[in-house]
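Notes to accompany the following structure.
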Amino acid sequence: MKSNALIAVLAIALAAGGSAYAQKKTTAQVLTPQDYLDIQQLAARYAHAMDTGADNGNAYADLFAADGEFVGPAGPPTRGHDALAGLGRTGFVDGHKPALGVSHFIMNHVIEPAAGGATGKAYVVLVNIGEGGKPGGEWSNTGGHYEDAYVKTAQGWKFKRREYIPMKSERRAAGTAPAAAPAALVATKAATVAPKPAAAPANTLTAQDYIDIRALANLYAYGLDSGAENGTGSVYANIFTEDAEFHGPPATPGGAPFNAVGREELRKFAIPGRGTAYVRHFMTNHLIEASPEGARGKVYLLVIDIGREDKPTSVNMGGHYEDVYVKTAEGWRIKSRNFFRSKSAQTVAAEAAAKAAR
Amino acid sequence: MAGTRTLLAVALGLSLLAARGDAQQKRAAALSPLDIIEIQQLAIRYSYGLDTGAEEGHLYSDVFTPDGEFVGRQVPLTQGREALARVARSVRKGNSQYVRHFIANHVIEPSAEGATGKVYLMVVDVEEGQPSSIYIGGHYEDVYVRTPDGWRIKRRDARAMGPPRNPGQ
């Protein structure tokens with residue numbers, strides 16, 4: 001539970017500053033593993049209910065508390081069961097339900113205990129799939145994040161409030177944005193994952209361990225994209241152990257690889273960030289396994305540039321992280337993270353052949 | 001007379017017991033936090049198994065029960081671990097660095113059989129130097145059962161998918 005408390009410190013500070021945390025700390029309730037999972041399920045149901053309009057919109061309305069509300073980027077909040085059911089029936093960016101009942105892809109869900117229940121954040125991107133009978137899918141220009149308040153009712157966890165905040169990139173202060181890896185962080189070490197120690201047996205992970213490790217990976221995205229807290233990168237840095245390593249390929253072909261050792265070097269990756277409404281690192285498929293060090297994990301990444309009117313949404317890159325997690329006195333932390341770009345077997349073979357020919 | 005009453009009482013008791021047994025069988029057992037997490041991990045392992053083709057396709061096939069089945073829009077019913085492993089082995093681009101099956105919004109419900117679930121999928125083709133595209137998307141509908149080896153997919157139905165961008169890829 002210590003790790004929960006620390007993540008709570010980080011995320012609440014991210015949202016409201018340290019002084020607000022000091023006030024919340026004394027009143028936030030403890031969330032059990034069941035609470036976390038129920039809230040995750042609530043958020044997952046949100047997408048299904050909104051995209052299908054099931055039960056005449058009531059499936060959507062039932063996700064909210066009796067006095068719950070949805071707050072959009074414009075117009076008054078939608079409050080009360082009937083109004084929310086109406087939104088569930090009709091609400092969508094252009095007034096129709098997706099052809100296949102699938103559009104809201106919600107990722108990076110972070111949940112924190114709070115006074116009276118819990119708060120959360122989750123990234124969302126809307127995808128047009130099979131619209132007009134067209135094959136495949138297209139990215140919409142709608143994406144951003146939700147900021148939620150949850151409350152436990154007699155019928156289980158419900159949304160007390162969900163606010164959708166469209167993606168927005170704040171202008172970086174001149175001279176503060178590292179476009180690529182800062183020179184001080186560049187080394188020659190390639191992304192390789194340390195082999196698992198053979199001798200020590202793997203630990204057993206509890207439900208709370210899984211939840212805490214998953215929260216780390218999700219908080220990584222918020223810390224990196226927003227630069228929290230206040231552009232210092234401290235939220236991002238504190239997800240790692242003091243001696244953690246990060247390795248990844250160059251951001252652009254021929255560029256310098258990303259290598260950093262220690263929190264101070266890692267922190268620079270998240271400086272200054274682009275503000276609390278900036279979303280770019282969408283992560284999912286977080287596979288976690290017990291290991292002799294603590295745990296190991298893999299997680300898929302899509303770096304999505306949410307479009308604007310004059311520029312369609314595009315994927316900057318995709319791939320996966322391979323992580324080692326350890327349980328410290330502060331809670332679970334990332335001990336090492338290696339990023340691998342997505343490559344087909346044909347590309348891997350071609351690269352190996354080119355390397356052999358050199 | 002007493003003998004008849006005793007017989008009736010025994011018969012009634014047995015039928016009540018049988019009815020209660022049926023009801024218990026049909027009632028969905030509650031899922032523990034670890035059950036939910038293991039089922040979530042199962043669905044995630046599916047993506048890794050299919051995208052990497054690891055362990056000769058068995059990382060993928062082992063997320064299913066031995067008689068597990070995959071029902072798809074574009075493909076015939078695939079049943080049994082050997083047939084499922086062949087599917088994972090046949091992914092031409094698959095390797096340890098390939099990511100394609102992105103899942104989200106996994107809803108899990110207890111059921112009489114174990115659990116059922118729905119999960120969104122988008123298959124994204126993304127590789128450096130090439131334009132990315134969404135090959136296919138939709139959602140899976142799943143049946144999960146608890147086996148001596150842990151939770152497994154008994155049936156995954158992928159019929160709620162749109163047409164793929166380049167059929168035959």
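By convention here, the chains of the structure tokens are called A, B, ... in the order presented, each chain's residues are numbered starting at 1, and ligands are numbered starting at 1 in the order presented.
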Contact set, chain A to chain B: 6 Å, only C-alpha atoms, as a PyMOL selection string: chain A and resi 34+41+44+102+129-130+135-137+207+285+318-319+342-345
Selected residues written out, C-alpha atoms, as a compact mmCIF listing (two decimals), in the first residue's frame:
```
# COMPACT_ATOMS: atom_id res chain seq x y z
CA GLN A 34 -11.23 -5.16 -5.79
CA GLN A 41 -14.12 -2.28 -15.31
CA ALA A 44 -13.98 -0.20 -19.79
CA VAL A 102 -16.33 0.33 -31.42
CA ILE A 129 -13.68 1.43 -37.89
CA GLY A 130 -15.62 0.07 -40.81
CA PRO A 135 -12.05 -1.66 -44.89
CA GLY A 136 -9.66 -1.21 -42.00
CA GLY A 137 -9.92 1.84 -39.82
CA ALA A 207 -3.31 -8.60 -6.97
CA ASN A 285 -1.16 -4.89 -23.50
CA GLY A 318 4.98 2.09 -32.28
CA GLY A 319 6.73 -0.68 -30.51
CA SER A 342 7.98 -2.46 -34.11
CA LYS A 343 9.76 -4.38 -36.84
CA SER A 344 8.50 -7.14 -39.08
CA ALA A 345 10.46 -10.36 -39.47
```
Polymer residues at most 7 Å from Phe64 in chain B, only C-alpha atoms, same-chain spacing of 3 or more positions, as a list in words: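 Those residues are Ser61, Gly68, Arg81, Arg152, Ile153 and Lys154 of chain B.
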Output file for the selection above: N, CA and C atoms, as a compact mmCIF listing (two decimals), in the first residue's frame:
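Done, and the output landed in part_35.txt:
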```
# COMPACT_ATOMS: atom_id res chain seq x y z
N SER B 61 -1.24 -20.47 -28.74
CA SER B 61 -2.23 -21.57 -28.61
C SER B 61 -2.48 -21.91 -27.14
N GLY B 68 -10.07 -25.30 -27.25
CA GLY B 68 -10.46 -23.92 -27.45
C GLY B 68 -10.65 -23.59 -28.93
N ARG B 81 -5.48 -26.71 -29.95
CA ARG B 81 -4.23 -25.97 -29.81
C ARG B 81 -3.29 -26.12 -31.02
N ARG B 152 -8.15 -19.98 -19.05
CA ARG B 152 -7.88 -20.14 -20.47
C ARG B 152 -9.09 -19.66 -21.28
N ILE B 153 -8.85 -19.29 -22.53
CA ILE B 153 -9.95 -18.92 -23.43
C ILE B 153 -10.56 -20.20 -24.00
N LYS B 154 -11.84 -20.37 -23.77
CA LYS B 154 -12.53 -21.54 -24.33
C LYS B 154 -13.03 -21.21 -25.73
```
Every residue of range 48-100 of chain B that DSSP places in helix (DSSP H, G or I), as a ChimeraX atom specification: /B:48-52,55-61,81-89
Nearby residues (only C-alpha atoms) at most 10 Å from Glu289 in chain A, same-chain spacing under 6 positions excluded, as a PDB file with N, CA and C atoms, in the first residue's frame:
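Below is the file that was written, out06.pdb:
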```
ATOM      1  N   ALA A 202      11.303 -17.222  -8.889  1.00  0.00           N
ATOM      2  CA  ALA A 202      10.439 -16.063  -9.083  1.00  0.00           C
ATOM      3  C   ALA A 202       9.532 -15.879  -7.876  1.00  0.00           C
ATOM      4  N   ASN A 203       9.267 -14.615  -7.547  1.00  0.00           N
ATOM      5  CA  ASN A 203       8.339 -14.326  -6.449  1.00  0.00           C
ATOM      6  C   ASN A 203       6.916 -14.569  -6.911  1.00  0.00           C
ATOM      7  N   THR A 204       6.023 -14.542  -5.972  1.00  0.00           N
ATOM      8  CA  THR A 204       4.610 -14.564  -6.319  1.00  0.00           C
ATOM      9  C   THR A 204       4.094 -13.141  -6.216  1.00  0.00           C
ATOM     10  N   LEU A 205       3.328 -12.731  -7.197  1.00  0.00           N
ATOM     11  CA  LEU A 205       2.770 -11.380  -7.183  1.00  0.00           C
ATOM     12  C   LEU A 205       1.338 -11.423  -6.676  1.00  0.00           C
ATOM     13  N   TYR A 210       0.225  -6.424  -9.015  1.00  0.00           N
ATOM     14  CA  TYR A 210      -0.126  -6.208 -10.429  1.00  0.00           C
ATOM     15  C   TYR A 210      -0.678  -4.786 -10.626  1.00  0.00           C
ATOM     16  N   ALA A 295       9.641  -8.371 -10.697  1.00  0.00           N
ATOM     17  CA  ALA A 295       8.730  -8.648 -11.803  1.00  0.00           C
ATOM     18  C   ALA A 295       9.332  -8.136 -13.104  1.00  0.00           C
ATOM     19  N   ARG A 296       8.878  -8.714 -14.185  1.00  0.00           N
ATOM     20  CA  ARG A 296       9.247  -8.234 -15.511  1.00  0.00           C
ATOM     21  C   ARG A 296       7.984  -7.967 -16.300  1.00  0.00           C
ATOM     22  N   GLY A 297       8.065  -7.058 -17.219  1.00  0.00           N
ATOM     23  CA  GLY A 297       6.859  -6.752 -17.984  1.00  0.00           C
ATOM     24  C   GLY A 297       7.177  -6.301 -19.383  1.00  0.00           C
ATOM     25  N   LYS A 298       6.154  -6.371 -20.202  1.00  0.00           N
ATOM     26  CA  LYS A 298       6.218  -5.844 -21.565  1.00  0.00           C
ATOM     27  C   LYS A 298       4.958  -5.032 -21.768  1.00  0.00           C
ATOM     28  N   VAL A 324      12.052  -4.227 -16.203  1.00  0.00           N
ATOM     29  CA  VAL A 324      12.295  -4.955 -14.949  1.00  0.00           C
ATOM     30  C   VAL A 324      11.796  -4.066 -13.819  1.00  0.00           C
ATOM     31  N   TYR A 325      10.971  -4.618 -12.937  1.00  0.00           N
ATOM     32  CA  TYR A 325      10.421  -3.868 -11.808  1.00  0.00           C
ATOM     33  C   TYR A 325      10.970  -4.440 -10.505  1.00  0.00           C
TER      34      TYR A 325
ATOM     35  N   GLN B  41      -4.537 -10.704 -18.092  1.00  0.00           N
ATOM     36  CA  GLN B  41      -3.212 -11.089 -18.576  1.00  0.00           C
ATOM     37  C   GLN B  41      -3.310 -12.117 -19.703  1.00  0.00           C
TER      38      GLN B  41
END
```
Between CA of Phe159 in chain A and CA of Ser140 in chain A - distance in Å to one decimal: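 Taking CA of Ser140 in chain A as the start and CA of Phe159 in chain A as the end point, the length is 25.5 Å.
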Selection: 7 Å around Asp142 in chain B, only C-alpha atoms, excl. self and same-chain fewer than 6 positions, as a PyMOL selection string: chain B and resi 116-118+153+155-157
Nearby residues (only C-alpha atoms) at most 7 Å from Phe240 in chain A, same-chain spacing under 4 positions excluded, as a list in words: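 Here the qualifying residues turn out to be Ala244, Arg263, Arg333, Ile334 and Lys335 of chain A.
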Generate the output file for the selected residues, N, CA and C atoms, as a PDB file, in the first residue's frame.
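What ended up in selection-v7.pdb:
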```pdb
ATOM      1  N   ALA A 244      18.040   3.535 -12.095  1.00  0.00           N
ATOM      2  CA  ALA A 244      17.380   2.912 -13.242  1.00  0.00           C
ATOM      3  C   ALA A 244      18.030   3.277 -14.567  1.00  0.00           C
ATOM      4  N   ARG A 263      17.852   8.716 -12.014  1.00  0.00           N
ATOM      5  CA  ARG A 263      16.658   9.556 -12.077  1.00  0.00           C
ATOM      6  C   ARG A 263      16.926  10.937 -12.670  1.00  0.00           C
ATOM      7  N   ARG A 333       8.982   0.125  -8.507  1.00  0.00           N
ATOM      8  CA  ARG A 333       9.619   1.082  -9.392  1.00  0.00           C
ATOM      9  C   ARG A 333      10.188   0.343 -10.608  1.00  0.00           C
ATOM     10  N   ILE A 334      10.384   1.096 -11.698  1.00  0.00           N
ATOM     11  CA  ILE A 334      11.023   0.525 -12.886  1.00  0.00           C
ATOM     12  C   ILE A 334      12.537   0.556 -12.675  1.00  0.00           C
ATOM     13  N   LYS A 335      13.141  -0.613 -12.770  1.00  0.00           N
ATOM     14  CA  LYS A 335      14.598  -0.714 -12.591  1.00  0.00           C
ATOM     15  C   LYS A 335      15.280  -0.555 -13.951  1.00  0.00           C
TER      16      LYS A 335
END
```
Minimum-distance residue to Asn338 in chain A, chosen among A:Asn128, A:Thr276, A:Ser314, A:Asn259 (using only C-alpha atoms):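 Among the listed residues, the smallest separation from Asn338 in chain A belongs to A:Asn259.
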